[in-house]
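Have a look at target_39.txt; it's compact mmCIF, C-alpha atoms and all ligand atoms:
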# COMPACT_ATOMS: atom_id res chain seq x y z
CA MET A 194 -1.58 4.22 2.74
CA LEU A 195 -3.87 6.04 0.33
CA GLU A 196 -3.43 5.72 -3.39
CA ALA A 197 -5.13 6.63 -6.66
CA ARG A 198 -3.72 4.90 -9.72
CA GLY A 199 -4.63 5.78 -13.30
CA VAL A 200 -7.98 7.21 -12.23
CA HIS A 201 -10.47 8.44 -14.82
CA LYS A 202 -13.75 10.05 -13.78
CA ALA A 203 -16.16 11.82 -16.13
CA PHE A 204 -19.47 13.59 -15.62
CA GLY A 205 -21.20 13.22 -18.97
CA PRO A 206 -18.87 14.86 -21.49
CA THR A 207 -16.70 16.48 -18.78
CA ARG A 208 -13.55 14.52 -18.08
CA ALA A 209 -12.87 15.61 -14.48
CA LEU A 210 -9.97 13.19 -13.83
CA ARG A 211 -7.76 11.92 -16.66
CA GLY A 212 -5.53 9.06 -15.61
CA LEU A 213 -4.52 10.61 -12.32
CA THR A 214 -2.03 8.88 -10.01
CA VAL A 215 -1.15 10.01 -6.46
CA GLU A 216 0.15 8.33 -3.35
CA ILE A 217 -0.28 9.72 0.16
CA GLY A 218 1.62 8.42 3.18
CA GLU A 219 0.47 7.66 6.72
CA GLY A 220 0.34 10.85 8.79
CA GLU A 221 1.06 13.05 5.80
CA ILE A 222 -0.68 16.42 5.43
CA VAL A 223 -1.33 17.10 1.77
CA ALA A 224 -2.87 20.15 0.08
CA VAL A 225 -4.55 19.59 -3.29
CA THR A 226 -4.51 22.84 -5.25
CA GLY A 227 -5.02 23.94 -8.84
CA PRO A 228 -7.37 26.06 -10.93
CA SER A 229 -11.13 25.89 -10.65
CA GLY A 230 -12.43 22.84 -12.50
CA SER A 231 -9.07 21.01 -12.43
CA GLY A 232 -10.63 18.05 -10.57
CA LYS A 233 -9.67 18.71 -6.94
CA SER A 234 -13.05 17.94 -5.35
CA THR A 235 -13.56 14.98 -7.67
CA LEU A 236 -10.21 13.54 -6.57
CA LEU A 237 -11.11 14.05 -2.91
CA HIS A 238 -14.45 12.30 -3.37
CA CYS A 239 -12.80 9.39 -5.20
CA LEU A 240 -10.10 8.98 -2.52
CA ALA A 241 -12.78 9.13 0.21
CA GLY A 242 -14.83 6.39 -1.49
CA ILE A 243 -17.76 8.74 -2.09
CA LEU A 244 -17.41 8.62 -5.90
CA ARG A 245 -16.32 5.62 -7.93
CA PRO A 246 -13.98 6.23 -10.85
CA GLU A 247 -14.76 4.61 -14.22
CA THR A 248 -11.27 3.20 -14.54
CA GLY A 249 -8.22 3.08 -12.32
CA GLU A 250 -7.86 2.01 -8.71
CA ILE A 251 -8.29 3.61 -5.30
CA ARG A 252 -6.49 1.81 -2.49
CA PHE A 253 -6.59 2.34 1.27
CA ASP A 254 -4.01 0.32 3.24
CA GLY A 255 -3.33 -1.63 0.07
CA ARG A 256 -6.95 -2.71 -0.26
CA ARG A 257 -9.02 -1.61 -3.25
CA ILE A 258 -12.03 0.40 -2.15
CA ASP A 259 -13.34 1.53 -5.55
CA SER A 260 -14.45 -2.01 -6.43
CA LEU A 261 -16.42 -2.46 -3.19
CA GLY A 262 -20.21 -2.17 -3.17
CA ASP A 263 -21.92 0.86 -1.66
CA ALA A 264 -22.50 -0.73 1.77
CA ALA A 265 -18.91 -1.94 2.12
CA ARG A 266 -17.56 1.46 1.01
CA THR A 267 -19.77 3.20 3.55
CA THR A 268 -18.38 0.93 6.27
CA VAL A 269 -14.78 1.70 5.25
CA ARG A 270 -15.63 5.42 5.35
CA ARG A 271 -17.36 5.31 8.72
CA GLU A 272 -14.60 3.32 10.36
CA ASN A 273 -11.59 5.10 8.89
CA PHE A 274 -12.40 8.49 7.40
CA GLY A 275 -13.61 11.87 8.60
CA VAL A 276 -14.78 14.67 6.29
CA VAL A 277 -15.00 18.45 6.61
CA PHE A 278 -16.67 20.40 3.83
CA GLN A 279 -16.84 24.12 3.14
CA PHE A 280 -20.22 24.56 4.71
CA GLY A 281 -20.03 22.34 7.79
CA GLN A 282 -22.96 20.16 6.67
CA LEU A 283 -24.14 19.72 10.22
CA VAL A 284 -27.58 18.24 10.79
CA PRO A 285 -29.74 21.35 11.39
CA GLU A 286 -32.22 19.69 13.76
CA LEU A 287 -29.52 18.46 16.15
CA SER A 288 -27.49 20.41 18.70
CA ALA A 289 -23.76 20.90 18.17
CA LEU A 290 -23.10 18.23 20.79
CA GLU A 291 -25.45 15.73 19.15
CA ASN A 292 -23.90 16.44 15.74
CA VAL A 293 -20.45 15.54 17.07
CA ALA A 294 -21.77 12.46 18.90
CA LEU A 295 -23.56 11.13 15.81
CA PRO A 296 -20.61 9.44 14.05
CA LEU A 297 -19.79 7.59 17.27
CA MET A 298 -23.37 6.36 17.57
CA PHE A 299 -23.24 5.25 13.92
CA ASN A 300 -20.18 3.23 14.90
CA ARG A 301 -22.28 1.55 17.61
CA HIS A 302 -21.01 3.41 20.67
CA GLY A 303 -23.57 3.99 23.44
CA ARG A 304 -25.34 7.34 23.67
CA GLU A 305 -23.88 8.38 27.05
CA GLU A 306 -20.32 7.52 26.09
CA SER A 307 -20.74 9.23 22.71
CA MET A 308 -22.01 12.42 24.34
CA LEU A 309 -19.10 12.48 26.81
CA THR A 310 -16.53 11.99 24.06
CA ALA A 311 -18.27 14.59 21.88
CA ARG A 312 -18.19 17.11 24.72
CA SER A 313 -14.46 16.60 25.21
CA TRP A 314 -13.91 17.34 21.50
CA LEU A 315 -16.00 20.51 21.67
CA GLU A 316 -13.81 21.58 24.61
CA ARG A 317 -10.68 20.76 22.69
CA LEU A 318 -11.81 22.97 19.82
CA GLY A 319 -12.89 25.76 22.16
CA VAL A 320 -16.60 25.58 21.33
CA GLU A 321 -17.96 23.84 24.45
CA ASP A 322 -20.23 26.85 25.04
CA CYS A 323 -22.02 25.95 21.81
CA ALA A 324 -22.88 22.39 22.89
CA GLY A 325 -26.61 23.03 23.21
CA LEU A 326 -26.99 25.29 20.18
CA ARG A 327 -28.25 24.21 16.77
CA PRO A 328 -26.15 24.85 13.65
CA GLY A 329 -28.38 27.80 12.65
CA GLU A 330 -27.45 29.53 15.91
CA LEU A 331 -23.68 29.23 15.37
CA SER A 332 -21.31 31.64 13.65
CA GLY A 333 -19.47 30.33 10.56
CA GLY A 334 -16.27 29.82 12.56
CA GLN A 335 -18.08 28.04 15.39
CA ALA A 336 -19.95 25.79 12.96
CA GLN A 337 -16.71 24.90 11.20
CA ARG A 338 -15.01 24.04 14.50
CA VAL A 339 -17.98 21.82 15.37
CA ALA A 340 -17.60 20.19 11.92
CA VAL A 341 -13.89 19.62 12.61
CA ALA A 342 -14.76 18.06 15.99
CA ARG A 343 -17.26 15.81 14.23
CA ALA A 344 -14.65 14.72 11.67
CA LEU A 345 -12.07 13.91 14.35
CA VAL A 346 -14.27 12.39 17.06
CA THR A 347 -14.00 8.81 15.77
CA GLY A 348 -10.19 8.96 15.65
CA PRO A 349 -10.14 8.49 11.86
CA ARG A 350 -7.04 7.36 9.99
CA VAL A 351 -7.70 9.95 7.25
CA VAL A 352 -9.49 13.31 7.29
CA PHE A 353 -10.64 14.79 3.98
CA ALA A 354 -11.31 18.52 3.99
CA ASP A 355 -12.77 20.37 0.98
CA GLU A 356 -12.17 24.13 1.27
CA PRO A 357 -12.52 23.89 5.07
CA THR A 358 -11.99 27.64 5.49
CA GLY A 359 -13.71 28.78 2.29
CA ALA A 360 -16.64 30.40 4.09
CA LEU A 361 -14.60 31.96 6.92
CA ASP A 362 -12.76 35.22 7.49
CA SER A 363 -8.99 34.86 7.80
CA LEU A 364 -8.82 34.78 11.60
CA ALA A 365 -11.52 32.13 11.93
CA GLY A 366 -9.89 30.22 9.07
CA GLU A 367 -6.55 30.25 10.84
CA ARG A 368 -8.08 28.84 14.02
CA VAL A 369 -9.79 26.05 12.13
CA MET A 370 -6.55 25.19 10.30
CA ASP A 371 -4.45 25.33 13.51
CA GLU A 372 -6.81 22.94 15.19
CA LEU A 373 -7.21 20.61 12.24
CA THR A 374 -3.50 20.30 11.46
CA GLY A 375 -2.43 20.37 15.14
CA THR A 376 -4.68 17.42 15.96
CA ALA A 377 -3.68 15.56 12.80
CA ARG A 378 0.02 15.90 13.63
CA GLU A 379 -0.50 14.83 17.25
CA SER A 380 -2.39 11.69 16.30
CA ARG A 381 -0.57 10.97 13.01
CA THR A 382 -3.83 11.30 11.13
CA THR A 383 -3.45 11.64 7.37
CA LEU A 384 -5.02 14.88 6.16
CA VAL A 385 -6.01 15.70 2.57
CA ILE A 386 -7.10 19.31 2.09
CA VAL A 387 -8.54 20.78 -1.11
CA THR A 388 -7.94 24.52 -1.19
CA HIS A 389 -7.60 27.63 -3.34
CA ASP A 390 -5.89 29.46 -0.53
CA ASN A 391 -2.08 29.59 -0.35
CA ARG A 392 -2.25 30.26 3.38
CA VAL A 393 -4.10 26.99 3.85
CA ALA A 394 -1.71 25.10 1.54
CA ALA A 395 1.20 26.41 3.65
CA TYR A 396 0.06 24.16 6.52
CA ALA A 397 0.70 21.04 4.43
CA ASP A 398 3.84 18.89 4.12
CA ARG A 399 3.25 18.61 0.39
CA GLU A 400 1.22 20.35 -2.26
CA ILE A 401 -0.26 18.39 -5.15
CA VAL A 402 -1.12 20.75 -7.98
CA LEU A 403 -3.80 19.54 -10.42
CA ARG A 404 -4.32 20.77 -13.95
CA ASP A 405 -6.96 19.40 -16.34
CA GLY A 406 -7.59 16.30 -14.25
CA THR A 407 -4.00 15.19 -13.77
CA VAL A 408 -1.13 16.06 -11.45
CA ALA A 409 0.75 19.09 -12.77
CA SER A 410 3.35 18.97 -10.01
CA ALA A 411 3.97 17.98 -6.43
CA VAL A 412 5.81 20.46 -4.23
CA THR A 413 7.33 19.44 -0.92
CA ALA A 414 7.21 22.16 1.75
N1 LIG A 501 -21.62 16.19 -10.13
C1 LIG A 501 -21.12 16.73 -11.24
N2 LIG A 501 -21.86 16.76 -12.37
C2 LIG A 501 -21.36 17.29 -13.51
N3 LIG A 501 -20.13 17.82 -13.62
C3 LIG A 501 -19.36 17.83 -12.54
C4 LIG A 501 -19.81 17.29 -11.29
N4 LIG A 501 -18.81 17.44 -10.38
C5 LIG A 501 -17.79 18.04 -11.02
N5 LIG A 501 -18.11 18.27 -12.32
C6 LIG A 501 -17.23 18.88 -13.34
O1 LIG A 501 -15.98 18.23 -13.29
C7 LIG A 501 -14.90 19.16 -13.39
C8 LIG A 501 -14.02 19.06 -12.17
O2 LIG A 501 -14.76 19.52 -11.04
P1 LIG A 501 -14.18 19.61 -9.57
O3 LIG A 501 -15.27 20.08 -8.69
O4 LIG A 501 -13.51 18.34 -9.23
O5 LIG A 501 -13.06 20.73 -9.76
P2 LIG A 501 -12.35 21.61 -8.66
O6 LIG A 501 -10.91 21.67 -9.07
O7 LIG A 501 -12.63 21.07 -7.30
O8 LIG A 501 -13.03 23.01 -8.89
P3 LIG A 501 -13.33 24.20 -7.87
O9 LIG A 501 -11.99 24.68 -7.44
O10 LIG A 501 -14.04 25.21 -8.72
O11 LIG A 501 -14.15 23.65 -6.77
C9 LIG A 501 -15.56 20.52 -13.60
O12 LIG A 501 -15.59 20.79 -14.96
C10 LIG A 501 -16.94 20.34 -13.03
O13 LIG A 501 -17.86 21.18 -13.68

Let me see whether you can do it: turn the structure in this file into structure tokens.
Amino acid sequence: MLEARGVHKAFGPTRALRGLTVEIGEGEIVAVTGPSGSGKSTLLHCLAGILRPETGEIRFDGRRIDSLGDAARTTVRRENFGVVFQFGQLVPELSALENVALPLMFNRHGREESMLTARSWLERLGVEDCAGLRPGELSGGQAQRVAVARALVTGPRVVFADEPTGALDSLAGERVMDELTGTARESRTTLVIVTHDNRVAAYADREIVLRDGTVASAVTA
């Protein structure tokens, strides 16, 4: 359901992706690993329609998304994808509850309904007590659970996570991963996780190892 074919992406002289091809199935949980600078984050951003490769194709449900204009790509992302980055990237001026409700409001749900749904996701992730707090008042683990709630609240088909536990201690990291992968498996959400951490990769069905901008190997758990 998600596919990169012959993808090249460079930043000036740096060739981050060099003819990379991967295919990810519906409901699959995939870890993208490999040395620093091997192109993991670049691949994630290309698959998520955030970056456009110079050559090659990115397809979601068989439809090319790399050739769409910015507005159309943003719509595909909003309607189908959720993202979790290393540092939650929550909006600092909004409460945890408002942060989680925001993607629903972007997708034209009413404010009341969005708040109710957001609250149920905070409960599900065990951070309902944080609803009224701003991101600056949350611990790293709490903020990351709020970020996971925000990524899942729209019921996305695919969640992209870039080092989702990178800033957390191992216990907080485990909770975030349990919740992320547990929810993904329950709802057959496809999950693509970039990580350096073998413990995180162990949650995946398959590990895609990158080296120098291409796939070095794919290991099935
Ligand atoms: N916005 C950018 N501008 C310039 N160079 C970039 C940019 N993003 C990535 N690069 C370069 O592209 C290469 C691949 O980067 P990328 O972040 O995809 O690797 P990574 O495997 O995710 O690395 P890390 O594990 O260190 O996060 C690196 O050499 C990096 O310096």

Nearest candidate to ligand LIG 501 (chain A) (options A:Gly212, A:Gly232, A:Gly275, A:Gly205; using only C-alpha atoms and all ligand atoms) = A:Gly232

Counting all atoms listed in the file, what residues are within 10 Å of ligand LIG 501 (chain A), given as a PyMOL selection string?
-> chain A and resi 202-210+225-239+244+355-356+387-389+402-406

Using only C-alpha atoms, collect all residues at a distance of at most 9 Å from (-20.9, 13.9, 16.2) as written in the file, then present them as a PDB file with C-alpha atoms, in the coordinates of the input.
ATOM      1  CA  LEU A 283     -24.140  19.720  10.220  1.00  0.00           C
ATOM      2  CA  ALA A 289     -23.760  20.900  18.170  1.00  0.00           C
ATOM      3  CA  LEU A 290     -23.100  18.230  20.790  1.00  0.00           C
ATOM      4  CA  GLU A 291     -25.450  15.730  19.150  1.00  0.00           C
ATOM      5  CA  ASN A 292     -23.900  16.440  15.740  1.00  0.00           C
ATOM      6  CA  VAL A 293     -20.450  15.540  17.070  1.00  0.00           C
ATOM      7  CA  ALA A 294     -21.770  12.460  18.900  1.00  0.00           C
ATOM      8  CA  LEU A 295     -23.560  11.130  15.810  1.00  0.00           C
ATOM      9  CA  PRO A 296     -20.610   9.440  14.050  1.00  0.00           C
ATOM     10  CA  LEU A 297     -19.790   7.590  17.270  1.00  0.00           C
ATOM     11  CA  MET A 298     -23.370   6.360  17.570  1.00  0.00           C
ATOM     12  CA  SER A 307     -20.740   9.230  22.710  1.00  0.00           C
ATOM     13  CA  MET A 308     -22.010  12.420  24.340  1.00  0.00           C
ATOM     14  CA  ALA A 311     -18.270  14.590  21.880  1.00  0.00           C
ATOM     15  CA  VAL A 339     -17.980  21.820  15.370  1.00  0.00           C
ATOM     16  CA  ALA A 340     -17.600  20.190  11.920  1.00  0.00           C
ATOM     17  CA  ALA A 342     -14.760  18.060  15.990  1.00  0.00           C
ATOM     18  CA  ARG A 343     -17.260  15.810  14.230  1.00  0.00           C
ATOM     19  CA  ALA A 344     -14.650  14.720  11.670  1.00  0.00           C
ATOM     20  CA  VAL A 346     -14.270  12.390  17.060  1.00  0.00           C
ATOM     21  CA  THR A 347     -14.000   8.810  15.770  1.00  0.00           C
TER      22      THR A 347
END

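Here CA of Pro357 (chain A) stands at a distance of 29.2 Å from CA of Glu305 (chain A).
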
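With only C-alpha atoms as the atoms that count, the residue of A:Leu331, A:Val341, A:Ile222, A:Leu309 with the shortest distance to Ala394 (chain A) is A:Ile222.
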
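Taking CA of Asn391 (chain A) as the reference point, CA of Phe274 (chain A) is found at 24.7 Å.
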
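Taking CA of Gly262 (chain A) and CA of Val276 (chain A) as the two end points, the separation is 20.1 Å.
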
Go through A:Leu195, A:Ile258, A:Val369, A:Leu364 one by one, measure the shortest atom-to-atom distance of each to Ala336 (chain A) using all atoms listed in the file, and give the residue with the smallest value.
-> A:Val369

For region 361-386 of chain A, which lacks atoms in the input, supply N, CA and C atoms and format the output as a compact mmCIF listing (two decimals), keeping the file's coordinate frame.
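Output contents, as saved in out02.txt:
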# COMPACT_ATOMS: atom_id res chain seq x y z
N LEU A 361 -14.98 31.27 5.68
CA LEU A 361 -14.60 31.96 6.92
C LEU A 361 -13.71 33.17 6.66
N ASP A 362 -13.73 34.13 7.60
CA ASP A 362 -12.76 35.22 7.49
C ASP A 362 -11.39 34.67 7.90
N SER A 363 -10.33 35.45 7.68
CA SER A 363 -8.99 34.86 7.80
C SER A 363 -8.65 34.43 9.22
N LEU A 364 -9.14 35.15 10.22
CA LEU A 364 -8.82 34.78 11.60
C LEU A 364 -9.51 33.46 11.97
N ALA A 365 -10.79 33.36 11.64
CA ALA A 365 -11.52 32.13 11.93
C ALA A 365 -10.92 30.96 11.15
N GLY A 366 -10.50 31.24 9.91
CA GLY A 366 -9.89 30.22 9.07
C GLY A 366 -8.59 29.70 9.67
N GLU A 367 -7.81 30.63 10.22
CA GLU A 367 -6.55 30.25 10.84
C GLU A 367 -6.77 29.34 12.05
N ARG A 368 -7.79 29.67 12.84
CA ARG A 368 -8.08 28.84 14.02
C ARG A 368 -8.49 27.44 13.61
N VAL A 369 -9.34 27.36 12.59
CA VAL A 369 -9.79 26.05 12.13
C VAL A 369 -8.59 25.24 11.61
N MET A 370 -7.71 25.89 10.84
CA MET A 370 -6.55 25.19 10.30
C MET A 370 -5.57 24.79 11.40
N ASP A 371 -5.35 25.67 12.39
CA ASP A 371 -4.45 25.33 13.51
C ASP A 371 -4.95 24.09 14.21
N GLU A 372 -6.25 24.06 14.44
CA GLU A 372 -6.81 22.94 15.19
C GLU A 372 -6.80 21.65 14.38
N LEU A 373 -7.16 21.78 13.11
CA LEU A 373 -7.21 20.61 12.24
C LEU A 373 -5.81 20.00 12.07
N THR A 374 -4.84 20.84 11.73
CA THR A 374 -3.50 20.30 11.46
C THR A 374 -2.78 19.93 12.77
N GLY A 375 -3.05 20.69 13.85
CA GLY A 375 -2.43 20.37 15.14
C GLY A 375 -2.87 18.99 15.60
N THR A 376 -4.16 18.72 15.53
CA THR A 376 -4.68 17.42 15.96
C THR A 376 -4.17 16.32 15.05
N ALA A 377 -4.15 16.59 13.75
CA ALA A 377 -3.68 15.56 12.80
C ALA A 377 -2.23 15.19 13.09
N ARG A 378 -1.40 16.20 13.36
CA ARG A 378 0.02 15.90 13.63
C ARG A 378 0.18 15.12 14.93
N GLU A 379 -0.57 15.51 15.96
CA GLU A 379 -0.50 14.83 17.25
C GLU A 379 -0.84 13.35 17.12
N SER A 380 -1.88 13.07 16.34
CA SER A 380 -2.39 11.69 16.30
C SER A 380 -1.96 10.96 15.03
N ARG A 381 -1.04 11.56 14.28
CA ARG A 381 -0.57 10.97 13.01
C ARG A 381 -1.72 10.60 12.07
N THR A 382 -2.72 11.47 12.06
CA THR A 382 -3.83 11.30 11.13
C THR A 382 -3.42 11.87 9.78
N THR A 383 -3.71 11.15 8.72
CA THR A 383 -3.45 11.64 7.37
C THR A 383 -4.52 12.69 7.05
N LEU A 384 -4.08 13.79 6.44
CA LEU A 384 -5.02 14.88 6.16
C LEU A 384 -4.89 15.30 4.70
N VAL A 385 -6.00 15.29 3.99
CA VAL A 385 -6.01 15.70 2.57
C VAL A 385 -6.93 16.91 2.46
N ILE A 386 -6.35 18.06 2.10
CA ILE A 386 -7.10 19.31 2.09
C ILE A 386 -7.17 19.87 0.67
